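Printed here is input18.tsv (TSV, C-alpha atoms):
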```tsv
chain	number	residue	atom	x	y	z
Z	1	MET	CA	8.47	-25.24	28.25
Z	2	LYS	CA	6.46	-24.21	31.30
Z	3	ARG	CA	6.08	-20.74	29.80
Z	4	ILE	CA	4.71	-22.24	26.59
Z	5	ALA	CA	2.25	-24.43	28.50
Z	6	LEU	CA	1.03	-21.42	30.49
Z	7	ALA	CA	0.63	-19.38	27.31
Z	8	TRP	CA	-1.33	-22.21	25.69
Z	9	ALA	CA	-3.68	-22.42	28.71
Z	10	ALA	CA	-4.14	-18.63	28.63
Z	11	LEU	CA	-4.92	-18.72	24.91
Z	12	LEU	CA	-7.57	-21.42	25.36
Z	13	GLY	CA	-9.04	-19.50	28.30
Z	14	LEU	CA	-9.21	-16.30	26.25
Z	15	ALA	CA	-10.82	-18.20	23.37
Z	16	ALA	CA	-13.48	-19.49	25.77
Z	17	ALA	CA	-14.00	-15.93	27.06
Z	18	SER	CA	-14.37	-14.68	23.48
Z	19	LEU	CA	-17.02	-17.33	22.80
Z	20	GLY	CA	-18.84	-16.46	26.03
Z	21	PHE	CA	-18.84	-12.70	25.32
Z	22	ALA	CA	-20.25	-13.37	21.85
Z	23	TYR	CA	-23.46	-14.72	23.44
Z	24	LEU	CA	-23.94	-11.77	25.81
Z	25	PRO	CA	-26.21	-9.00	24.46
Z	26	LEU	CA	-23.64	-6.17	24.50
Z	27	GLY	CA	-24.51	-4.56	21.16
Z	28	ALA	CA	-21.39	-2.96	19.68
Z	29	GLY	CA	-19.55	-4.18	22.77
Z	30	ASN	CA	-19.53	-7.72	21.33
Z	31	LEU	CA	-17.27	-6.65	18.47
Z	32	ILE	CA	-15.05	-4.57	20.78
Z	33	ALA	CA	-14.70	-7.45	23.26
Z	34	GLY	CA	-13.96	-9.93	20.46
Z	35	MET	CA	-11.29	-7.72	18.89
Z	36	THR	CA	-9.71	-6.83	22.24
Z	37	ILE	CA	-9.41	-10.50	23.19
Z	38	ALA	CA	-8.04	-11.30	19.71
Z	39	ALA	CA	-5.39	-8.58	20.10
Z	40	LEU	CA	-4.45	-9.95	23.52
Z	41	LYS	CA	-4.14	-13.49	22.15
Z	42	THR	CA	-1.99	-12.26	19.26
Z	43	ALA	CA	0.28	-10.44	21.73
Z	44	ILE	CA	0.74	-13.69	23.68
Z	45	VAL	CA	1.54	-15.58	20.47
Z	46	ALA	CA	4.01	-12.89	19.35
Z	47	VAL	CA	5.83	-12.55	22.68
Z	48	VAL	CA	5.83	-16.12	24.02
Z	49	PHE	CA	5.61	-18.35	20.94
Z	50	MET	CA	7.38	-16.19	18.33
Z	51	GLU	CA	9.85	-14.71	20.83
Z	52	LEU	CA	9.57	-11.34	19.14
Z	53	GLY	CA	11.54	-9.78	22.02
Z	54	ARG	CA	14.56	-11.95	21.16
Z	55	ALA	CA	14.42	-11.28	17.42
Z	56	THR	CA	17.00	-8.98	15.78
Z	57	TRP	CA	16.25	-5.27	15.58
Z	58	LEU	CA	15.87	-5.59	11.80
Z	59	ALA	CA	13.13	-8.19	12.22
Z	60	ARG	CA	11.33	-5.98	14.72
Z	61	LEU	CA	11.68	-3.04	12.36
Z	62	ALA	CA	10.09	-5.09	9.54
Z	63	ILE	CA	7.09	-5.97	11.70
Z	64	ALA	CA	6.74	-2.39	12.98
Z	65	ALA	CA	6.80	-1.12	9.39
Z	66	ALA	CA	4.14	-3.66	8.36
Z	67	LEU	CA	1.87	-2.74	11.26
Z	68	GLY	CA	2.40	0.96	10.54
Z	69	ALA	CA	1.51	0.44	6.87
Z	70	ALA	CA	-1.61	-1.52	7.85
Z	71	LEU	CA	-2.63	1.26	10.24
Z	72	LEU	CA	-2.11	3.89	7.53
Z	73	LEU	CA	-4.18	1.79	5.13
Z	74	ALA	CA	-6.97	1.56	7.72
Z	75	VAL	CA	-6.96	5.30	8.44
Z	76	LEU	CA	-6.98	6.33	4.78
Z	77	THR	CA	-9.68	3.79	3.92
Z	78	ALA	CA	-11.83	4.97	6.82
Z	79	LEU	CA	-11.41	8.59	5.67
Z	80	ASP	CA	-12.44	7.62	2.15
Z	81	GLU	CA	-15.47	5.77	3.46
Z	82	ALA	CA	-16.47	8.67	5.72
Z	83	THR	CA	-16.27	11.28	2.97
Z	84	ARG	CA	-17.68	9.30	0.02
Z	85	PRO	CA	-20.89	10.90	-1.27
Z	86	VAL	CA	-22.71	7.76	-2.45
Z	87	ASP	CA	-23.36	4.29	-1.11
Z	88	PRO	CA	-22.28	1.19	-3.02
Z	89	ALA	CA	-25.04	-1.14	-4.14
Z	90	PRO	CA	-25.61	-4.33	-2.15
Z	91	VAL	CA	-23.81	-7.24	-3.79
Z	92	SER	CA	-26.10	-10.10	-4.56
Z	93	GLY	CA	-26.00	-13.36	-6.43
Z	94	PRO	CA	-27.95	-14.17	-9.56
Z	95	VAL	CA	-31.69	-14.08	-9.06
Z	96	ALA	CA	-34.14	-16.39	-10.79
Z	97	GLY	CA	-35.68	-14.63	-13.79
Z	98	TRP	CA	-32.66	-12.39	-14.39
Z	99	SER	CA	-32.07	-11.51	-18.05
Z	100	PRO	CA	-29.51	-9.41	-19.97
Z	101	PRO	CA	-29.79	-5.59	-20.07
Z	102	CYS	CA	-32.09	-3.86	-22.49
Z	103	HIS	CA	-29.34	-1.73	-24.07
Z	104	GLY	CA	-30.63	1.77	-23.88
Z	105	ALA	CA	-34.31	1.02	-24.39
Z	106	TRP	CA	-34.84	2.64	-21.04
Z	107	PRO	CA	-32.19	4.97	-19.60
Z	108	ARG	CA	-32.31	3.43	-16.13
Z	109	CYS	CA	-32.18	-0.19	-17.22
Z	110	PRO	CA	-28.53	-1.10	-17.86
Z	111	SER	CA	-27.43	-3.87	-15.52
Z	112	SER	CA	-23.93	-2.39	-15.57
Z	113	ILE	CA	-25.15	0.10	-12.95
Z	114	THR	CA	-23.61	-1.17	-9.75
Z	115	THR	CA	-23.65	1.90	-7.56
Z	116	HIS	CA	-26.65	3.69	-6.23
Z	117	ARG	CA	-26.20	7.30	-7.30
Z	118	GLY	CA	-29.21	8.60	-5.50
Z	119	PRO	CA	-29.85	10.73	-2.46
Z	120	PRO	CA	-27.06	11.65	-0.02
Z	121	ARG	CA	-25.68	9.00	2.31
Z	122	ARG	CA	-27.88	9.70	5.35
Z	123	GLU	CA	-31.09	9.46	3.37
Z	124	VAL	CA	-29.92	6.22	1.76
Z	125	ARG	CA	-29.15	4.71	5.17
Z	126	ARG	CA	-32.64	5.52	6.38
Z	127	THR	CA	-34.36	3.95	3.40
Z	128	VAL	CA	-32.07	1.06	2.58
Z	129	ARG	CA	-34.40	-1.55	4.06
Z	130	ALA	CA	-37.38	-0.24	2.10
Z	131	ARG	CA	-35.90	-0.35	-1.39
Z	132	VAL	CA	-37.76	-2.35	-4.00
Z	133	LEU	CA	-36.86	-4.04	-7.26
Z	134	VAL	CA	-37.87	-1.97	-10.26
Z	135	PRO	CA	-39.37	-3.88	-13.17
Z	136	CYS	CA	-38.24	-2.70	-16.59
Z	137	PRO	CA	-41.16	-1.63	-18.79
Z	138	ARG	CA	-39.82	-3.64	-21.73
Z	139	GLN	CA	-41.49	-7.01	-22.32
Z	140	ASP	CA	-39.17	-9.77	-23.46
Z	141	GLY	CA	-39.59	-12.95	-25.43
Z	142	GLY	CA	-43.28	-12.51	-26.03
Z	143	ASP	CA	-44.11	-14.56	-22.96
Z	144	GLY	CA	-45.58	-11.62	-21.08
Z	145	VAL	CA	-43.04	-11.88	-18.26
Z	146	PRO	CA	-41.76	-8.43	-17.25
Z	147	HIS	CA	-38.09	-7.83	-17.90
Z	148	ARG	CA	-36.51	-7.45	-14.46
Z	149	HIS	CA	-33.20	-6.02	-13.40
Z	150	PRO	CA	-32.60	-7.15	-9.87
Z	151	ARG	CA	-29.54	-4.99	-9.31
Z	152	LEU	CA	-31.33	-1.76	-10.12
Z	153	LEU	CA	-32.85	-0.43	-6.97
Z	154	ARG	CA	-35.03	2.55	-6.27
Z	155	ASP	CA	-36.46	3.93	-3.07
Z	156	PRO	CA	-40.22	3.59	-2.83
Z	157	PRO	CA	-42.23	6.77	-3.43
Z	158	LEU	CA	-42.78	8.83	-0.31
Z	159	GLY	CA	-46.20	8.69	1.27
O	1	MET	CA	46.55	-23.92	13.64
O	2	ASN	CA	45.72	-23.79	9.96
O	3	SER	CA	42.37	-25.55	10.51
O	4	VAL	CA	41.14	-23.05	13.15
O	5	GLY	CA	40.74	-20.12	10.73
O	6	PRO	CA	38.35	-21.83	8.30
O	7	ALA	CA	36.39	-23.34	11.21
O	8	ILE	CA	35.84	-19.89	12.75
O	9	ALA	CA	34.92	-18.51	9.35
O	10	GLN	CA	32.42	-21.32	8.89
O	11	VAL	CA	30.81	-20.69	12.29
O	12	ALA	CA	30.66	-16.94	11.56
O	13	GLY	CA	29.22	-17.64	8.12
O	14	ASP	CA	26.58	-19.98	9.55
O	15	ALA	CA	25.61	-17.39	12.13
O	16	GLY	CA	25.33	-14.72	9.45
O	17	ARG	CA	23.21	-16.94	7.23
O	18	ALA	CA	20.99	-17.83	10.18
O	19	ARG	CA	20.41	-14.17	10.98
O	20	VAL	CA	19.63	-13.40	7.34
O	21	GLY	CA	17.22	-16.34	7.25
O	22	GLN	CA	15.39	-15.12	10.35
O	23	VAL	CA	15.11	-11.54	9.09
O	24	ALA	CA	13.91	-12.80	5.70
O	25	MET	CA	11.14	-14.78	7.40
O	26	TRP	CA	10.03	-11.73	9.41
O	27	ILE	CA	10.01	-9.59	6.25
O	28	PHE	CA	7.92	-12.25	4.52
O	29	LEU	CA	5.51	-12.18	7.46
O	30	ALA	CA	5.37	-8.39	7.20
O	31	THR	CA	4.14	-8.68	3.60
O	32	GLU	CA	1.58	-11.23	4.75
O	33	ILE	CA	0.34	-8.79	7.40
O	34	ALA	CA	-0.24	-6.24	4.64
O	35	PHE	CA	-2.22	-8.81	2.63
O	36	PHE	CA	-4.49	-10.00	5.43
O	37	ALA	CA	-4.94	-6.42	6.69
O	38	GLY	CA	-6.45	-5.60	3.30
O	39	VAL	CA	-8.91	-8.49	3.55
O	40	MET	CA	-9.93	-7.51	7.09
O	41	LEU	CA	-10.33	-3.87	6.11
O	42	ALA	CA	-12.62	-4.89	3.27
O	43	TYR	CA	-14.64	-6.85	5.82
O	44	ALA	CA	-14.78	-3.88	8.22
O	45	LEU	CA	-15.96	-1.48	5.52
O	46	ALA	CA	-18.60	-3.84	4.18
O	47	ARG	CA	-19.85	-4.62	7.68
O	48	ALA	CA	-20.13	-0.90	8.46
O	49	GLN	CA	-22.22	-0.55	5.31
O	50	TRP	CA	-24.53	-3.53	5.82
O	51	PRO	CA	-24.39	-4.47	9.52
O	52	GLU	CA	-27.68	-6.37	9.50
O	53	GLY	CA	-26.80	-8.43	6.45
O	54	PHE	CA	-23.39	-9.30	7.89
O	55	ILE	CA	-24.85	-10.34	11.24
O	56	ALA	CA	-27.56	-12.42	9.58
O	57	ALA	CA	-24.94	-14.12	7.39
O	58	SER	CA	-22.53	-14.67	10.28
O	59	ARG	CA	-25.25	-16.55	12.19
O	60	GLU	CA	-25.34	-19.07	9.34
O	61	THR	CA	-21.69	-20.09	9.80
O	62	SER	CA	-20.88	-23.17	11.87
O	63	VAL	CA	-19.76	-21.72	15.19
O	64	TRP	CA	-18.83	-25.07	16.70
O	65	ILE	CA	-16.58	-26.09	13.83
O	66	GLY	CA	-14.99	-22.62	13.94
O	67	THR	CA	-14.44	-22.89	17.69
O	68	LEU	CA	-13.03	-26.40	17.48
O	69	ASN	CA	-10.68	-25.25	14.73
O	70	THR	CA	-9.55	-22.36	16.95
O	71	ALA	CA	-8.66	-24.79	19.75
O	72	LEU	CA	-6.84	-27.08	17.30
O	73	LEU	CA	-4.82	-24.23	15.86
O	74	LEU	CA	-3.87	-22.79	19.26
O	75	THR	CA	-2.77	-26.25	20.39
O	76	SER	CA	-0.76	-26.82	17.21
O	77	SER	CA	0.90	-23.45	17.73
O	78	ALA	CA	1.92	-24.46	21.25
O	79	CYS	CA	3.33	-27.76	19.89
O	80	VAL	CA	5.47	-26.09	17.23
O	81	ALA	CA	6.59	-23.46	19.76
O	82	ALA	CA	7.78	-26.27	22.02
O	83	ALA	CA	9.58	-27.92	19.09
O	84	ALA	CA	11.28	-24.63	18.17
O	85	HIS	CA	12.18	-24.01	21.80
O	86	ALA	CA	13.78	-27.46	22.03
O	87	THR	CA	15.96	-26.76	18.99
O	88	GLY	CA	17.21	-23.47	20.44
O	89	GLY	CA	14.38	-21.06	19.66
O	90	ALA	CA	15.02	-17.53	18.42
O	91	GLY	CA	18.59	-17.74	19.68
O	92	ALA	CA	19.34	-20.56	17.24
O	93	ALA	CA	17.61	-18.74	14.40
O	94	ALA	CA	19.67	-15.64	15.16
O	95	GLY	CA	22.86	-17.67	14.82
O	96	ARG	CA	23.74	-18.15	18.49
O	97	ILE	CA	25.44	-21.42	19.36
O	98	VAL	CA	23.11	-23.92	21.04
O	99	PRO	CA	24.15	-27.11	22.84
O	100	ARG	CA	23.81	-30.34	20.90
O	101	LEU	CA	20.57	-32.21	21.67
O	102	GLY	CA	20.44	-35.66	23.18
O	103	HIS	CA	18.59	-38.53	21.55
O	104	ARG	CA	15.54	-38.04	23.75
O	105	GLU	CA	15.24	-34.32	22.92
O	106	GLN	CA	15.68	-35.06	19.23
O	107	ARG	CA	12.81	-37.52	19.38
O	108	ARG	CA	10.64	-35.04	21.27
O	109	VAL	CA	11.15	-32.45	18.53
O	110	LEU	CA	10.07	-35.02	15.95
O	111	VAL	CA	6.91	-35.93	17.91
O	112	LEU	CA	5.99	-32.26	18.36
O	113	LEU	CA	6.43	-31.55	14.65
O	114	ALA	CA	4.29	-34.56	13.75
O	115	ALA	CA	1.60	-33.46	16.22
O	116	THR	CA	1.58	-29.94	14.75
O	117	ALA	CA	1.21	-31.26	11.20
O	118	ALA	CA	-1.54	-33.69	12.30
O	119	LEU	CA	-3.50	-30.92	14.04
O	120	GLY	CA	-3.10	-28.73	10.96
O	121	LEU	CA	-4.45	-31.51	8.74
O	122	LEU	CA	-7.38	-32.03	11.11
O	123	PHE	CA	-8.12	-28.30	10.88
O	124	LEU	CA	-8.18	-28.56	7.08
O	125	VAL	CA	-10.47	-31.61	7.16
O	126	LEU	CA	-12.93	-29.74	9.41
O	127	LYS	CA	-12.74	-26.75	7.10
O	128	GLY	CA	-13.64	-29.04	4.20
O	129	VAL	CA	-16.62	-30.40	6.18
O	130	GLU	CA	-17.71	-26.84	6.85
O	131	TYR	CA	-17.49	-25.89	3.16
O	132	ARG	CA	-19.60	-28.93	2.34
O	133	ILE	CA	-22.26	-27.83	4.84
O	134	ASP	CA	-22.18	-24.34	3.30
O	135	TRP	CA	-22.71	-25.90	-0.13
O	136	THR	CA	-25.63	-28.09	0.92
O	137	GLU	CA	-27.27	-25.21	2.80
O	138	HIS	CA	-27.05	-22.91	-0.25
O	139	LEU	CA	-24.65	-20.43	1.28
O	140	ILE	CA	-22.46	-19.99	-1.78
O	141	PRO	CA	-22.83	-16.43	-3.16
O	142	GLY	CA	-23.26	-16.28	-6.91
O	143	ARG	CA	-24.76	-19.76	-7.00
O	144	ASP	CA	-28.40	-20.04	-8.05
O	145	GLY	CA	-30.59	-20.34	-4.97
O	146	PHE	CA	-28.31	-18.50	-2.53
O	147	ARG	CA	-30.36	-18.66	0.67
O	148	LEU	CA	-29.71	-15.08	1.85
O	149	ALA	CA	-30.19	-13.38	-1.53
O	150	ASP	CA	-32.81	-11.04	-0.06
O	151	GLU	CA	-30.51	-9.80	2.68
O	152	PRO	CA	-28.36	-6.85	1.45
O	153	GLY	CA	-24.69	-7.50	2.17
O	154	ALA	CA	-25.05	-11.22	2.99
O	155	ALA	CA	-23.59	-12.30	-0.35
O	156	LEU	CA	-20.64	-10.00	0.22
O	157	PHE	CA	-20.12	-11.49	3.68
O	158	PHE	CA	-19.93	-14.98	2.26
O	159	ALA	CA	-17.67	-13.83	-0.58
O	160	LEU	CA	-15.26	-12.39	2.01
O	161	TYR	CA	-15.70	-15.47	4.21
O	162	PHE	CA	-14.66	-17.82	1.41
O	163	VAL	CA	-11.77	-15.60	0.29
O	164	ALA	CA	-10.41	-15.14	3.83
O	165	THR	CA	-10.83	-18.74	5.01
O	166	GLY	CA	-9.75	-20.14	1.62
O	167	VAL	CA	-6.52	-18.13	1.53
O	168	HIS	CA	-5.94	-19.00	5.18
O	169	ALA	CA	-6.45	-22.71	4.41
O	170	ALA	CA	-3.96	-22.45	1.53
O	171	HIS	CA	-1.43	-20.99	3.98
O	172	MET	CA	-2.17	-23.85	6.38
O	173	LEU	CA	-1.61	-26.41	3.64
O	174	ALA	CA	1.75	-24.85	2.78
O	175	GLY	CA	2.69	-24.82	6.47
O	176	VAL	CA	1.77	-28.49	6.91
O	177	ALA	CA	3.88	-29.42	3.86
O	178	VAL	CA	6.89	-27.50	5.22
O	179	LEU	CA	6.52	-29.06	8.69
O	180	ILE	CA	6.36	-32.57	7.23
O	181	ALA	CA	9.44	-31.89	5.09
O	182	LEU	CA	11.32	-30.54	8.13
O	183	ALA	CA	10.25	-33.51	10.27
O	184	VAL	CA	11.62	-35.90	7.63
O	185	ALA	CA	14.86	-33.88	7.40
O	186	TRP	CA	15.17	-33.77	11.20
O	187	ARG	CA	14.68	-37.51	11.45
O	188	ARG	CA	17.47	-38.08	8.92
O	189	ALA	CA	19.89	-35.50	10.33
O	190	PRO	CA	18.96	-33.62	13.53
O	191	GLU	CA	21.54	-30.90	13.04
O	192	PRO	CA	21.47	-27.17	13.96
O	193	ARG	CA	20.77	-26.11	10.39
O	194	THR	CA	17.52	-28.13	10.32
O	195	GLY	CA	16.74	-26.76	13.77
O	196	ARG	CA	16.94	-23.20	12.43
O	197	GLY	CA	14.56	-24.23	9.65
O	198	ILE	CA	12.13	-25.49	12.29
O	199	VAL	CA	12.31	-22.18	14.16
O	200	ASN	CA	11.55	-20.22	10.98
O	201	ALA	CA	8.72	-22.61	10.01
O	202	ALA	CA	7.32	-22.16	13.52
O	203	LEU	CA	7.27	-18.38	13.00
O	204	TYR	CA	5.19	-18.89	9.87
O	205	TRP	CA	2.84	-21.26	11.67
O	206	HIS	CA	2.32	-18.80	14.51
O	207	PHE	CA	1.49	-16.09	12.00
O	208	VAL	CA	-1.16	-18.31	10.39
O	209	ASP	CA	-2.52	-18.92	13.90
O	210	ALA	CA	-2.62	-15.16	14.59
O	211	VAL	CA	-4.61	-14.56	11.40
O	212	TRP	CA	-7.18	-17.15	12.48
O	213	ILE	CA	-7.37	-15.54	15.93
O	214	PHE	CA	-8.89	-12.48	14.20
O	215	LEU	CA	-10.92	-14.32	11.55
O	216	TRP	CA	-12.76	-16.44	14.12
O	217	PRO	CA	-14.59	-13.61	15.99
O	218	LEU	CA	-15.17	-11.64	12.79
O	219	LEU	CA	-16.68	-14.46	10.75
O	220	TYR	CA	-18.17	-16.86	13.32
O	221	LEU	CA	-19.07	-14.95	16.47
O	222	ALA	CA	-20.87	-11.88	15.11
O	223	GLY	CA	-24.56	-11.71	15.90
O	224	ARG	CA	-24.67	-14.70	18.25
O	225	ALA	CA	-26.22	-12.68	21.09
O	226	GLY	CA	-29.38	-11.62	19.30
```
Please express the file's structure as structure tokens.
Amino acid sequence: MKRIALAWAALLGLAAASLGFAYLPLGAGNLIAGMTIAALKTAIVAVVFMELGRATWLARLAIAAALGAALLLAVLTALDEATRPVDPAPVSGPVAGWSPPCHGAWPRCPSSITTHRGPPRREVRRTVRARVLVPCPRQDGGDGVPHRHPRLLRDPPLG
Amino acid sequence: MNSVGPAIAQVAGDAGRARVGQVAMWIFLATEIAFFAGVMLAYALARAQWPEGFIAASRETSVWIGTLNTALLLTSSACVAAAAHATGGAGAAAGRIVPRLGHREQRRVLVLLAATAALGLLFLVLKGVEYRIDWTEHLIPGRDGFRLADEPGAALFFALYFVATGVHAAHMLAGVAVLIALAVAWRRAPEPRTGRGIVNAALYWHFVDAVWIFLWPLLYLAGRAG
């Protein structure tokens, strides 16, 4: 019981440390500190609360296999991300004024386009903040309001 | 002499069943690790893609409710660990013989289970309050008038936020239901079999706690410094 009380106090202390670190301007260090403290807290929970050390070897094997599979998933996903030639489009909710696609009236209009197949990754990263919404040249409904496709993005012209 | 054989067989059978039950729970938790690892990987990839949008969106979450919920969950985990320890802990779940509990210890287990369930329910109530705040502050992605629509990646952050915390809350609800059922069963018959059930339920509860331990810094603490 004393061990559990000590572990509980340590967990609350680490949670307070995590909150404190989050407000320090450490840049990428904030995420590293947060994840390191989270891993430490999980280790305390697994060893003291779950008594992983006293579990049968089969139970420990199951957890080791799960963690190994998760690690493999992370490595393969990171490799895919690092070698992918195009960026995905930002996901956004419906925007006021959105209307259905103009079905081939203009080759770049279809709203089904969800990935930005433009310049290579590094160029996209540099210009991502400067992208603008492209109005479709088609006029809809006779009300003079331009037909807009908020998901279709284009980098602004250079210069 | 004739009655000794079946009694030994029963004890051996109980121990075997207990061990199988414990391993089954760990295997179930292993599949849950794979599930939540997928959600967290999706978060990591999306955050690497749109760091500014994710940080801007994270600042909109209610850090104090998240922090309070973290404290509640850690405390509930300690309560259920104490309850499991009182019933024999991992040794009982692995089929080892544990001494019979006195009336006072039996009552303590019941109180600890009730406290765990109550803290879990309080967590869920606060989560509901938080969802309501998100709704009134237009932080629901896909809904007309989403406040961060101009911030690339913010909608994806909130989509992942609702998926991760929603699935976590569903796990919490299931855990609370199991704990209440076990508390009722323990009150009726505080026997070793129910005690093993409590130990396995505690394993599940600790896992749900561990998931929140990672969700809290990822979803609530990002971008607080700047």
Compute the distance from (-1.5, -25.5, 2.2) to each atom, counting all atoms listed in the file, keep the residues with any atom at most 12 Å away, and return them as a CSV table (one decimal) with C-alpha atoms, in the frame of the given file; use the coordinates of the file.
```csv
chain,number,residue,atom,x,y,z
O,117,ALA,CA,1.2,-31.3,11.2
O,120,GLY,CA,-3.1,-28.7,11.0
O,121,LEU,CA,-4.4,-31.5,8.7
O,123,PHE,CA,-8.1,-28.3,10.9
O,124,LEU,CA,-8.2,-28.6,7.1
O,125,VAL,CA,-10.5,-31.6,7.2
O,165,THR,CA,-10.8,-18.7,5.0
O,166,GLY,CA,-9.8,-20.1,1.6
O,167,VAL,CA,-6.5,-18.1,1.5
O,168,HIS,CA,-5.9,-19.0,5.2
O,169,ALA,CA,-6.4,-22.7,4.4
O,170,ALA,CA,-4.0,-22.4,1.5
O,171,HIS,CA,-1.4,-21.0,4.0
O,172,MET,CA,-2.2,-23.8,6.4
O,173,LEU,CA,-1.6,-26.4,3.6
O,174,ALA,CA,1.8,-24.8,2.8
O,175,GLY,CA,2.7,-24.8,6.5
O,176,VAL,CA,1.8,-28.5,6.9
O,177,ALA,CA,3.9,-29.4,3.9
O,178,VAL,CA,6.9,-27.5,5.2
O,179,LEU,CA,6.5,-29.1,8.7
O,180,ILE,CA,6.4,-32.6,7.2
O,205,TRP,CA,2.8,-21.3,11.7
O,208,VAL,CA,-1.2,-18.3,10.4
```
- Task: Provide as a ChimeraX atom specification the residues of chain O at most 6 Å from chain Z, counting all atoms listed in the file.
- Result: /O:23,26-27,30,34,78,81,141-142,152-153,155-156,203,210,213-214,217,221,224-225
Each side padded by 4 Å, which centre and which edge lengths in Å (one decimal) define the axis-aligned box around the listed atoms of range 52-71 of chain O? Give them as JSON.
```
{"center_x": -18.2, "center_y": -16.4, "center_z": 13.1, "size_x": 27.0, "size_y": 28.0, "size_z": 21.3}
```
- Task: For each of O:Ala86, O:Ser76, O:Leu215, O:Ala24, take the minimum atom-to-atom distance to Val163 in chain O, counting all atoms listed in the file, then give the residue where this is smallest.
- Result: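 Nearest to Val163 in chain O: O:Leu215.
Straight-line separation from CA of Gly38 in chain O to CA of Thr70 in chain O: 21.8 Å.
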